[in-house]
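Coordinates as given in query.txt (compact mmCIF, C-alpha atoms and all ligand atoms):
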# COMPACT_ATOMS: atom_id res chain seq x y z
CA MET A 27 134.90 25.58 -57.76
CA ILE A 28 138.21 24.34 -56.36
CA CYS A 29 138.72 25.00 -52.66
CA LEU A 30 142.29 26.20 -51.99
CA ALA A 31 142.20 25.95 -48.20
CA SER A 32 144.69 23.49 -46.72
CA PRO A 33 143.28 20.04 -45.96
CA ARG A 34 142.29 20.07 -42.31
CA ILE A 35 143.17 16.73 -40.78
CA LEU A 36 142.84 15.41 -37.25
CA VAL A 37 145.36 12.87 -35.94
CA ILE A 38 144.15 10.98 -32.87
CA GLY A 39 147.03 9.57 -30.81
CA GLY A 40 150.55 10.90 -30.23
CA GLY A 41 152.52 7.62 -30.36
CA PRO A 42 154.97 6.58 -33.10
CA ALA A 43 152.30 6.36 -35.84
CA GLY A 44 150.53 9.59 -34.87
CA LEU A 45 153.82 11.50 -34.68
CA SER A 46 154.98 10.45 -38.14
CA ALA A 47 151.51 11.08 -39.61
CA SER A 48 151.45 14.60 -38.12
CA ILE A 49 154.93 15.49 -39.40
CA ASP A 50 154.25 14.27 -42.93
CA LEU A 51 150.86 15.96 -43.13
CA PHE A 52 152.33 19.22 -41.92
CA GLU A 53 155.18 19.03 -44.42
CA ALA A 54 152.68 18.35 -47.20
CA GLY A 55 150.86 21.58 -46.31
CA ALA A 56 147.92 20.30 -44.29
CA ASP A 57 146.42 22.08 -41.33
CA VAL A 58 147.01 19.41 -38.66
CA VAL A 59 145.59 18.96 -35.18
CA LEU A 60 147.15 16.20 -33.05
CA VAL A 61 145.13 15.13 -30.03
CA GLU A 62 146.63 12.97 -27.27
CA LYS A 63 144.95 11.96 -24.03
CA GLU A 64 148.22 11.87 -22.09
CA ASP A 65 150.13 15.03 -21.20
CA VAL A 66 153.19 13.95 -23.17
CA LEU A 67 153.88 12.73 -26.70
CA GLY A 68 155.52 9.41 -27.58
CA GLY A 69 152.76 6.91 -26.81
CA THR A 70 153.19 3.63 -24.93
CA PRO A 71 156.97 3.30 -25.51
CA LYS A 72 157.59 6.61 -23.72
CA LYS A 73 154.82 6.30 -21.17
CA LEU A 74 156.02 2.88 -20.00
CA HIS A 75 159.74 3.72 -20.27
CA TYR A 76 160.78 1.18 -22.86
CA SER A 77 164.52 0.63 -22.99
CA LEU A 78 166.26 -0.31 -26.26
CA ILE A 79 164.33 -0.79 -29.48
CA ALA A 80 164.94 -3.58 -32.00
CA PRO A 81 166.36 -4.01 -34.59
CA ASP A 82 169.29 -1.66 -33.92
CA LEU A 83 169.01 -1.74 -30.10
CA LYS A 84 168.80 2.04 -29.90
CA PRO A 85 167.39 3.74 -26.79
CA VAL A 86 163.73 4.67 -27.24
CA GLU A 87 164.67 8.34 -26.86
CA GLU A 88 167.01 8.12 -29.83
CA VAL A 89 164.19 6.73 -31.98
CA LEU A 90 161.21 8.78 -30.84
CA ASP A 91 162.58 12.07 -29.49
CA PRO A 92 163.51 13.41 -32.96
CA LEU A 93 159.90 12.82 -34.06
CA ILE A 94 158.58 14.46 -30.90
CA ARG A 95 160.86 17.47 -31.36
CA GLN A 96 159.76 17.84 -34.98
CA VAL A 97 156.11 17.90 -33.96
CA GLU A 98 156.76 20.23 -31.03
CA SER A 99 158.66 22.76 -33.13
CA SER A 100 156.16 22.68 -36.01
CA ALA A 101 152.89 24.52 -36.43
CA VAL A 102 150.95 21.28 -35.82
CA THR A 103 148.29 22.16 -33.23
CA LYS A 104 148.97 19.96 -30.20
CA LYS A 105 146.12 19.13 -27.86
CA LEU A 106 147.64 17.18 -24.98
CA GLY A 107 145.69 15.87 -22.01
CA THR A 108 142.66 16.04 -24.29
CA VAL A 109 140.17 13.43 -25.43
CA VAL A 110 137.76 13.27 -28.34
CA SER A 111 134.36 13.02 -26.69
CA ALA A 112 132.02 13.21 -29.70
CA ILE A 113 132.22 12.89 -33.48
CA GLU A 114 129.67 13.53 -36.22
CA ASN A 115 130.79 12.53 -39.67
CA GLY A 116 128.65 13.52 -42.63
CA ASN A 117 128.60 15.53 -45.86
CA GLY A 118 132.38 15.38 -46.09
CA HIS A 119 132.94 17.07 -42.74
CA VAL A 120 133.95 15.55 -39.43
CA ASN A 121 132.63 17.60 -36.51
CA VAL A 122 134.69 16.79 -33.43
CA THR A 123 134.19 17.73 -29.79
CA PHE A 124 137.35 17.83 -27.63
CA THR A 125 137.17 17.62 -23.86
CA SER A 126 139.98 18.74 -21.61
CA ASN A 127 139.98 19.74 -17.92
CA GLY A 128 136.21 19.76 -17.98
CA GLY A 129 136.09 22.24 -20.88
CA LYS A 130 134.71 21.49 -24.34
CA GLU A 131 135.77 22.75 -27.75
CA GLU A 132 134.48 21.96 -31.24
CA ALA A 133 136.26 21.84 -34.59
CA VAL A 134 135.61 20.62 -38.12
CA PHE A 135 137.95 18.45 -40.19
CA ASP A 136 138.09 16.98 -43.69
CA ALA A 137 139.60 13.68 -42.58
CA VAL A 138 140.83 11.78 -39.53
CA ILE A 139 143.81 9.50 -38.90
CA LEU A 140 143.29 7.07 -36.06
CA ALA A 141 146.56 6.15 -34.32
CA THR A 142 145.33 5.15 -30.90
CA GLY A 143 147.56 2.13 -30.43
CA PHE A 144 147.45 -0.95 -28.27
CA THR A 145 147.57 -2.07 -24.67
CA HIS A 146 149.57 -4.90 -23.07
CA TRP A 147 147.45 -7.93 -22.18
CA ASP A 148 146.76 -8.16 -18.45
CA PRO A 149 148.81 -11.08 -17.02
CA HIS A 150 146.60 -11.33 -13.92
CA LYS A 151 144.24 -13.30 -16.16
CA LYS A 152 146.75 -16.16 -16.37
CA TYR A 153 146.50 -16.83 -12.65
CA GLU A 154 148.69 -19.98 -12.70
CA TYR A 155 151.73 -17.79 -13.34
CA GLY A 156 151.23 -15.88 -10.11
CA TYR A 157 151.46 -12.33 -11.45
CA GLY A 158 150.35 -10.06 -8.63
CA VAL A 159 150.90 -12.93 -6.15
CA TYR A 160 154.67 -13.47 -6.37
CA PRO A 161 156.51 -10.13 -6.50
CA ASP A 162 159.30 -11.60 -8.62
CA VAL A 163 156.92 -12.56 -11.41
CA ILE A 164 156.76 -9.46 -13.57
CA ASP A 165 155.69 -8.73 -17.12
CA PHE A 166 157.91 -7.52 -19.90
CA LYS A 167 156.81 -3.92 -19.68
CA ASP A 168 157.83 -3.93 -15.99
CA PHE A 169 161.15 -5.39 -17.07
CA GLU A 170 161.60 -2.77 -19.80
CA LYS A 171 161.30 -0.07 -17.15
CA MET A 172 163.88 -1.83 -14.95
CA LEU A 173 166.28 -1.90 -17.88
CA SER A 174 165.63 1.69 -18.85
CA ASP A 175 166.12 2.82 -15.22
CA ASP A 176 169.25 0.64 -15.02
CA ASN A 177 167.82 -0.87 -11.88
CA LEU A 178 167.94 -4.63 -12.25
CA ALA A 179 166.71 -5.87 -8.88
CA ARG A 180 164.29 -8.47 -7.54
CA PRO A 181 161.12 -6.68 -6.39
CA SER A 182 160.94 -9.04 -3.38
CA ASN A 183 164.30 -8.08 -1.81
CA GLY A 184 166.02 -5.50 -4.00
CA LYS A 185 168.91 -7.88 -4.77
CA MET A 186 170.43 -8.57 -8.17
CA PRO A 187 168.88 -11.76 -9.64
CA ALA A 188 171.24 -14.63 -10.44
CA ARG A 189 168.85 -16.40 -12.82
CA ILE A 190 166.05 -14.88 -14.90
CA GLY A 191 163.51 -16.70 -17.07
CA TRP A 192 161.22 -15.37 -19.79
CA LEU A 193 157.97 -17.06 -20.65
CA LEU A 194 156.81 -16.21 -24.17
CA CYS A 195 153.25 -16.10 -25.54
CA VAL A 196 151.41 -15.04 -22.35
CA GLY A 197 148.01 -13.90 -23.56
CA SER A 198 148.95 -14.74 -27.15
CA ARG A 199 148.42 -17.94 -29.15
CA ASP A 200 146.40 -19.19 -26.22
CA ARG A 201 142.88 -20.43 -26.84
CA GLN A 202 142.25 -20.82 -23.12
CA VAL A 203 142.26 -17.04 -22.72
CA GLY A 204 140.60 -16.33 -26.07
CA LYS A 205 143.71 -14.87 -27.70
CA PHE A 206 144.32 -16.77 -30.90
CA TYR A 207 146.85 -14.50 -32.55
CA CYS A 208 150.62 -13.96 -32.29
CA CYS A 209 151.87 -10.71 -30.74
CA ARG A 210 154.52 -10.54 -33.45
CA VAL A 211 157.18 -8.75 -31.41
CA GLY A 212 157.27 -10.63 -28.10
CA CYS A 213 160.03 -13.08 -29.09
CA ALA A 214 162.23 -10.28 -30.37
CA VAL A 215 161.63 -8.00 -27.38
CA SER A 216 162.28 -10.80 -24.88
CA ILE A 217 165.49 -11.86 -26.61
CA LYS A 218 166.52 -8.23 -26.76
CA GLN A 219 165.88 -7.93 -23.01
CA ALA A 220 167.98 -11.02 -22.29
CA MET A 221 170.76 -9.58 -24.47
CA GLU A 222 170.65 -6.31 -22.54
CA VAL A 223 171.00 -8.26 -19.31
CA LYS A 224 173.87 -10.40 -20.56
CA LYS A 225 175.80 -7.44 -21.99
CA LYS A 226 175.74 -5.65 -18.64
CA HIS A 227 175.79 -8.67 -16.32
CA PRO A 228 177.26 -11.72 -18.10
CA GLU A 229 177.17 -13.63 -14.83
CA ILE A 230 173.34 -13.70 -14.78
CA ASP A 231 171.84 -16.90 -16.18
CA THR A 232 169.06 -16.24 -18.71
CA TYR A 233 166.54 -18.75 -20.03
CA ILE A 234 163.78 -18.21 -22.58
CA TYR A 235 160.85 -20.66 -22.68
CA TYR A 236 159.23 -20.78 -26.11
CA MET A 237 156.78 -22.75 -28.24
CA ASP A 238 158.61 -21.61 -31.36
CA ILE A 239 160.73 -18.54 -31.92
CA ARG A 240 159.22 -15.96 -34.27
CA THR A 241 161.98 -13.47 -34.96
CA TYR A 242 160.94 -12.58 -38.47
CA GLY A 243 163.19 -11.07 -41.15
CA PHE A 244 166.58 -9.79 -40.05
CA TRP A 245 165.70 -10.24 -36.37
CA GLU A 246 166.57 -13.93 -36.70
CA ASP A 247 170.17 -12.99 -37.35
CA GLN A 248 170.32 -9.75 -35.34
CA LEU A 249 168.73 -11.14 -32.19
CA TYR A 250 168.15 -14.89 -32.01
CA TRP A 251 171.50 -16.23 -33.17
CA LYS A 252 173.48 -13.43 -31.53
CA ALA A 253 171.77 -14.02 -28.20
CA MET A 254 172.43 -17.75 -28.32
CA GLU A 255 175.92 -17.85 -29.82
CA ASP A 256 177.54 -14.64 -28.60
CA LEU A 257 175.83 -14.09 -25.26
CA ASN A 258 174.90 -17.56 -24.09
CA VAL A 259 171.19 -16.89 -23.67
CA LYS A 260 169.61 -20.34 -23.23
CA PHE A 261 166.42 -21.42 -24.97
CA ILE A 262 164.08 -24.13 -23.69
CA ARG A 263 161.28 -25.32 -25.94
CA GLY A 264 158.25 -25.84 -23.76
CA ARG A 265 155.50 -23.93 -22.11
CA ILE A 266 155.54 -23.37 -18.36
CA GLY A 267 152.44 -24.95 -16.86
CA ALA A 268 152.67 -23.33 -13.45
CA ILE A 269 154.96 -21.37 -11.19
CA SER A 270 155.35 -22.16 -7.52
CA LYS A 271 157.46 -21.07 -4.58
CA GLY A 272 160.82 -22.79 -4.12
CA ASP A 273 163.60 -22.67 -1.55
CA GLU A 274 165.06 -19.41 -0.27
CA GLY A 275 162.53 -17.23 -2.02
CA SER A 276 163.07 -18.70 -5.48
CA LEU A 277 160.31 -19.36 -8.00
CA VAL A 278 160.10 -22.78 -9.61
CA ALA A 279 158.99 -22.92 -13.24
CA MET A 280 157.39 -26.27 -14.04
CA ALA A 281 157.41 -27.10 -17.72
CA GLU A 282 157.55 -29.91 -20.23
CA ASP A 283 160.79 -29.68 -22.21
CA THR A 284 159.46 -30.74 -25.61
CA ILE A 285 162.91 -31.29 -27.14
CA LEU A 286 164.25 -33.51 -24.35
CA GLN A 287 160.73 -34.88 -23.87
CA ARG A 288 160.82 -34.76 -20.11
CA PRO A 289 159.43 -32.57 -17.35
CA SER A 290 161.66 -29.77 -16.16
CA GLU A 291 161.66 -27.80 -12.92
CA VAL A 292 164.04 -24.87 -12.77
CA PRO A 293 164.38 -22.39 -9.88
CA PHE A 294 164.52 -18.71 -10.84
CA ASP A 295 165.02 -15.43 -8.99
CA MET A 296 162.80 -13.59 -11.39
CA LEU A 297 160.35 -14.59 -14.14
CA VAL A 298 159.27 -12.26 -16.91
CA LEU A 299 155.94 -12.82 -18.67
CA THR A 300 155.96 -11.78 -22.33
CA THR A 301 152.42 -10.49 -22.61
CA GLY A 302 150.50 -10.06 -25.84
CA MET A 303 148.96 -6.98 -27.43
CA GLU A 304 145.32 -6.05 -27.63
CA ALA A 305 143.49 -3.00 -28.94
CA SER A 306 143.65 -0.10 -26.49
CA GLN A 307 140.52 1.24 -24.88
CA GLY A 308 141.07 4.44 -26.87
CA THR A 309 141.12 2.47 -30.12
CA VAL A 310 137.86 0.72 -29.26
CA GLU A 311 136.13 3.93 -28.15
CA MET A 312 137.26 6.00 -31.14
CA ALA A 313 136.37 3.24 -33.59
CA LYS A 314 132.87 3.22 -32.14
CA LEU A 315 132.51 7.00 -32.40
CA LEU A 316 133.77 6.91 -35.99
CA GLY A 317 131.56 3.96 -36.99
CA LEU A 318 134.49 1.74 -38.01
CA GLU A 319 134.27 -2.00 -38.49
CA MET A 320 136.35 -4.15 -36.13
CA GLU A 321 137.99 -7.42 -37.12
CA GLU A 322 137.55 -10.67 -35.18
CA HIS A 323 140.47 -10.09 -32.80
CA GLY A 324 139.13 -6.75 -31.62
CA PHE A 325 141.30 -4.41 -33.71
CA VAL A 326 140.16 -1.92 -36.38
CA ARG A 327 139.49 -3.64 -39.70
CA PRO A 328 141.42 -2.03 -42.56
CA LEU A 329 139.47 -1.67 -45.79
CA GLU A 330 141.71 -4.34 -47.35
CA ALA A 331 144.44 -5.72 -45.06
CA ASP A 332 146.63 -6.75 -47.99
CA SER A 333 146.30 -3.82 -50.38
CA LEU A 334 144.66 -0.91 -48.51
CA PRO A 335 146.01 -1.30 -44.97
CA VAL A 336 145.65 2.34 -43.85
CA HIS A 337 142.15 2.89 -45.27
CA THR A 338 139.15 2.05 -43.13
CA THR A 339 135.59 1.23 -44.02
CA VAL A 340 134.74 4.93 -43.66
CA GLU A 341 135.99 6.97 -46.60
CA ASN A 342 137.48 9.95 -44.74
CA VAL A 343 138.95 7.97 -41.82
CA PHE A 344 142.43 6.42 -42.04
CA VAL A 345 144.27 4.23 -39.57
CA ALA A 346 147.92 3.64 -38.65
CA GLY A 347 150.00 1.63 -36.21
CA THR A 348 148.81 -0.95 -33.71
CA ALA A 349 145.16 0.10 -33.90
CA THR A 350 144.90 -2.52 -36.68
CA GLY A 351 146.94 -5.23 -34.94
CA PRO A 352 150.32 -6.05 -33.38
CA LYS A 353 153.33 -4.49 -35.01
CA ALA A 354 156.79 -3.12 -34.27
CA ILE A 355 157.62 0.57 -33.77
CA PRO A 356 159.35 1.05 -37.16
CA ASP A 357 156.28 -0.43 -38.90
CA ALA A 358 153.98 1.89 -36.96
CA ILE A 359 156.08 4.90 -37.99
CA THR A 360 155.92 3.79 -41.63
CA GLU A 361 152.15 3.35 -41.47
CA GLY A 362 151.78 6.84 -39.99
CA SER A 363 153.48 8.27 -43.06
CA ALA A 364 151.37 6.09 -45.37
CA ALA A 365 148.14 7.20 -43.71
CA ALA A 366 149.25 10.84 -43.97
CA ILE A 367 149.67 10.72 -47.74
CA LYS A 368 146.44 8.75 -48.22
CA ALA A 369 144.47 11.21 -46.08
CA PHE A 370 146.03 14.24 -47.77
CA ASN A 371 145.33 12.89 -51.26
CA TYR A 372 141.82 11.88 -50.26
CA VAL A 373 140.99 15.45 -49.24
CA ARG A 374 142.51 16.92 -52.40
CA ARG A 375 140.62 14.47 -54.61
CA SER A 376 137.33 14.75 -52.78
CA ARG A 377 137.29 18.53 -53.09
CA GLY A 378 135.69 19.55 -56.31
CA LYS A 379 133.55 16.44 -56.11
CA LYS A 380 130.35 16.45 -54.20
CA ALA A 381 131.61 15.13 -50.88
CA THR A 382 129.23 12.79 -49.19
CA GLY A 383 130.84 11.50 -45.99
CA ARG A 384 129.28 8.15 -46.82
CA SER A 385 130.41 5.28 -44.73
CA MET A 386 129.57 2.33 -46.95
CA LYS A 387 132.41 0.00 -47.72
CA LYS A 388 132.20 0.33 -51.48
CA ASP A 389 132.38 4.12 -51.26
CA ALA A 390 135.53 3.98 -49.19
CA ARG A 391 137.00 1.66 -51.80
CA ALA A 392 135.99 4.02 -54.62
CA TYR A 393 137.99 6.82 -52.98
CA ALA A 394 140.90 4.52 -52.31
CA GLU A 395 141.29 3.38 -55.90
S1 LIG B 401 155.88 -13.08 -31.22
FE1 LIG B 401 156.75 -14.75 -30.01
S2 LIG B 401 156.03 -14.29 -27.93
FE2 LIG B 401 154.68 -13.16 -29.28
S3 LIG B 401 152.96 -14.57 -29.56
FE3 LIG B 401 154.38 -14.79 -31.31
S4 LIG B 401 155.61 -16.55 -30.76
FE4 LIG B 401 154.65 -15.81 -28.85

Mind turning this structure into structure tokens?
Amino acid sequence: MICLASPRILVIGGGPAGLSASIDLFEAGADVVLVEKEDVLGGTPKKLHYSLIAPDLKPVEEVLDPLIRQVESSAVTKKLGTVVSAIENGNGHVNVTFTSNGGKEEAVFDAVILATGFTHWDPHKKYEYGYGVYPDVIDFKDFEKMLSDDNLARPSNGKMPARIGWLLCVGSRDRQVGKFYCCRVGCAVSIKQAMEVKKKHPEIDTYIYYMDIRTYGFWEDQLYWKAMEDLNVKFIRGRIGAISKGDEGSLVAMAEDTILQRPSEVPFDMLVLTTGMEASQGTVEMAKLLGLEMEEHGFVRPLEADSLPVHTTVENVFVAGTATGPKAIPDAITEGSAAAIKAFNYVRRSRGKKATGRSMKKDARAYAE
């Protein structure tokens, strides 16, 4: 017998991927519950007050607020300030316990989309850069907030900096700290930040220290060349070995300039550490509750990274956004939509069959094909 009830799908995480997944599921006719541990929607970009978003350098509000408004005005059930505290997945049903303000509530779903995102790598772990020691060494999420608040000032004295440096690949591509992978967006975001500075304050000197610049696709043209040729952002190939205190409260960045092949020591008023991405605590916890496989860098392993990127190794659990690895906001939004259609179709196809809720890899593949 065919079951005509709407597919009942849980979306965990209210960031870019979770928002787009919720909207597309709702528009397809699913009964959607969106759970978010914070009290507001929008995920890390909203929570940490990101400024402009590449590639079009639009304010984060212009990109995400329309998605948030769509979810808010729809019949998607929103559970904010709520966490998933228990999950039992079997016989085609996912039994979920929600916890909020000490209260518990249970519900049953046909499928789950995991969109629990990433966290910025903690720059305290790279002690030689003095984060947490020198107030004018900040990380790029701190700098995003400064830009979005339009409050460009040295934390040490509240004055406008005359020279700012960015240090790319902090907690990325660094075997010493066990992070072997590229954060994928750090070059673009740092260049974008330098461009924002130069557009508003052309008198500020801006330097970007890099191993190599990875502005993939159109970003090469939209960001890298524009920054260098139109806005006079300077690039120095070399990795800063250490940061120390200089004269009059400056910070001296000591590096090896690998193009000029000589040591360089440049005084700065402010240094920005471009930190990498790692799986959020929520991603790790939810993956454990759902019985998902993790890949070697600590993110959720898609069923097939090249051909089935939003399927997981559990047949009725789908994944979107940075839970599977570093990516940009537009890519996370696209993956949310992809996961929505895959989850919706999975439920439609699995009804009428004897649903099993099996979690073996080959069964997940059978449903995906
Ligand atoms: S995107 Fe750029 S900053 Fe990020 S790890 Fe890759 S090369 Fe480094």

**Q.** 10 Å shell around ligand LIG 401 (chain B) using all atoms listed in the file, listed as a PyMOL selection string
**A.** chain A and resi 192-200+205-217+235-242+299-303+352-353

Q) Could you work out how far CA of Thr350 in chain A lies from CA of Gly362 in chain A, giving the answer in Å with one decimal? A) 12.1 Å

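Taking only C-alpha atoms, the non-local environment of Lys225 in chain A within 9 Å (same-chain residues fewer than 4 positions away omitted) comprises Ala220, Met221 and Leu257 of chain A.
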
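With all atoms listed in the file as the atoms that count, the minimum distance from His75 in chain A to the choices A:Asp162, A:Glu222, A:Asp175, A:Glu274 is reached by A:Asp175.
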
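Going from CA of Phe124 in chain A to CA of Ile38 in chain A covers 11.0 Å.
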
Q: Please write as a VMD selection string the list of polymer residues whose atoms come within 7 Å of (151.1, 6.4, -39.7), counting all atoms listed in the file and keeping to the coordinates of the file.
A: chain A and resid 43 to 44 46 to 47 346 to 347 358 to 366

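Nearest to Thr142 in chain A of all the residues A:Gly68, A:Gly317, A:Gly275, A:Pro33 is A:Gly68, counting all atoms listed in the file.
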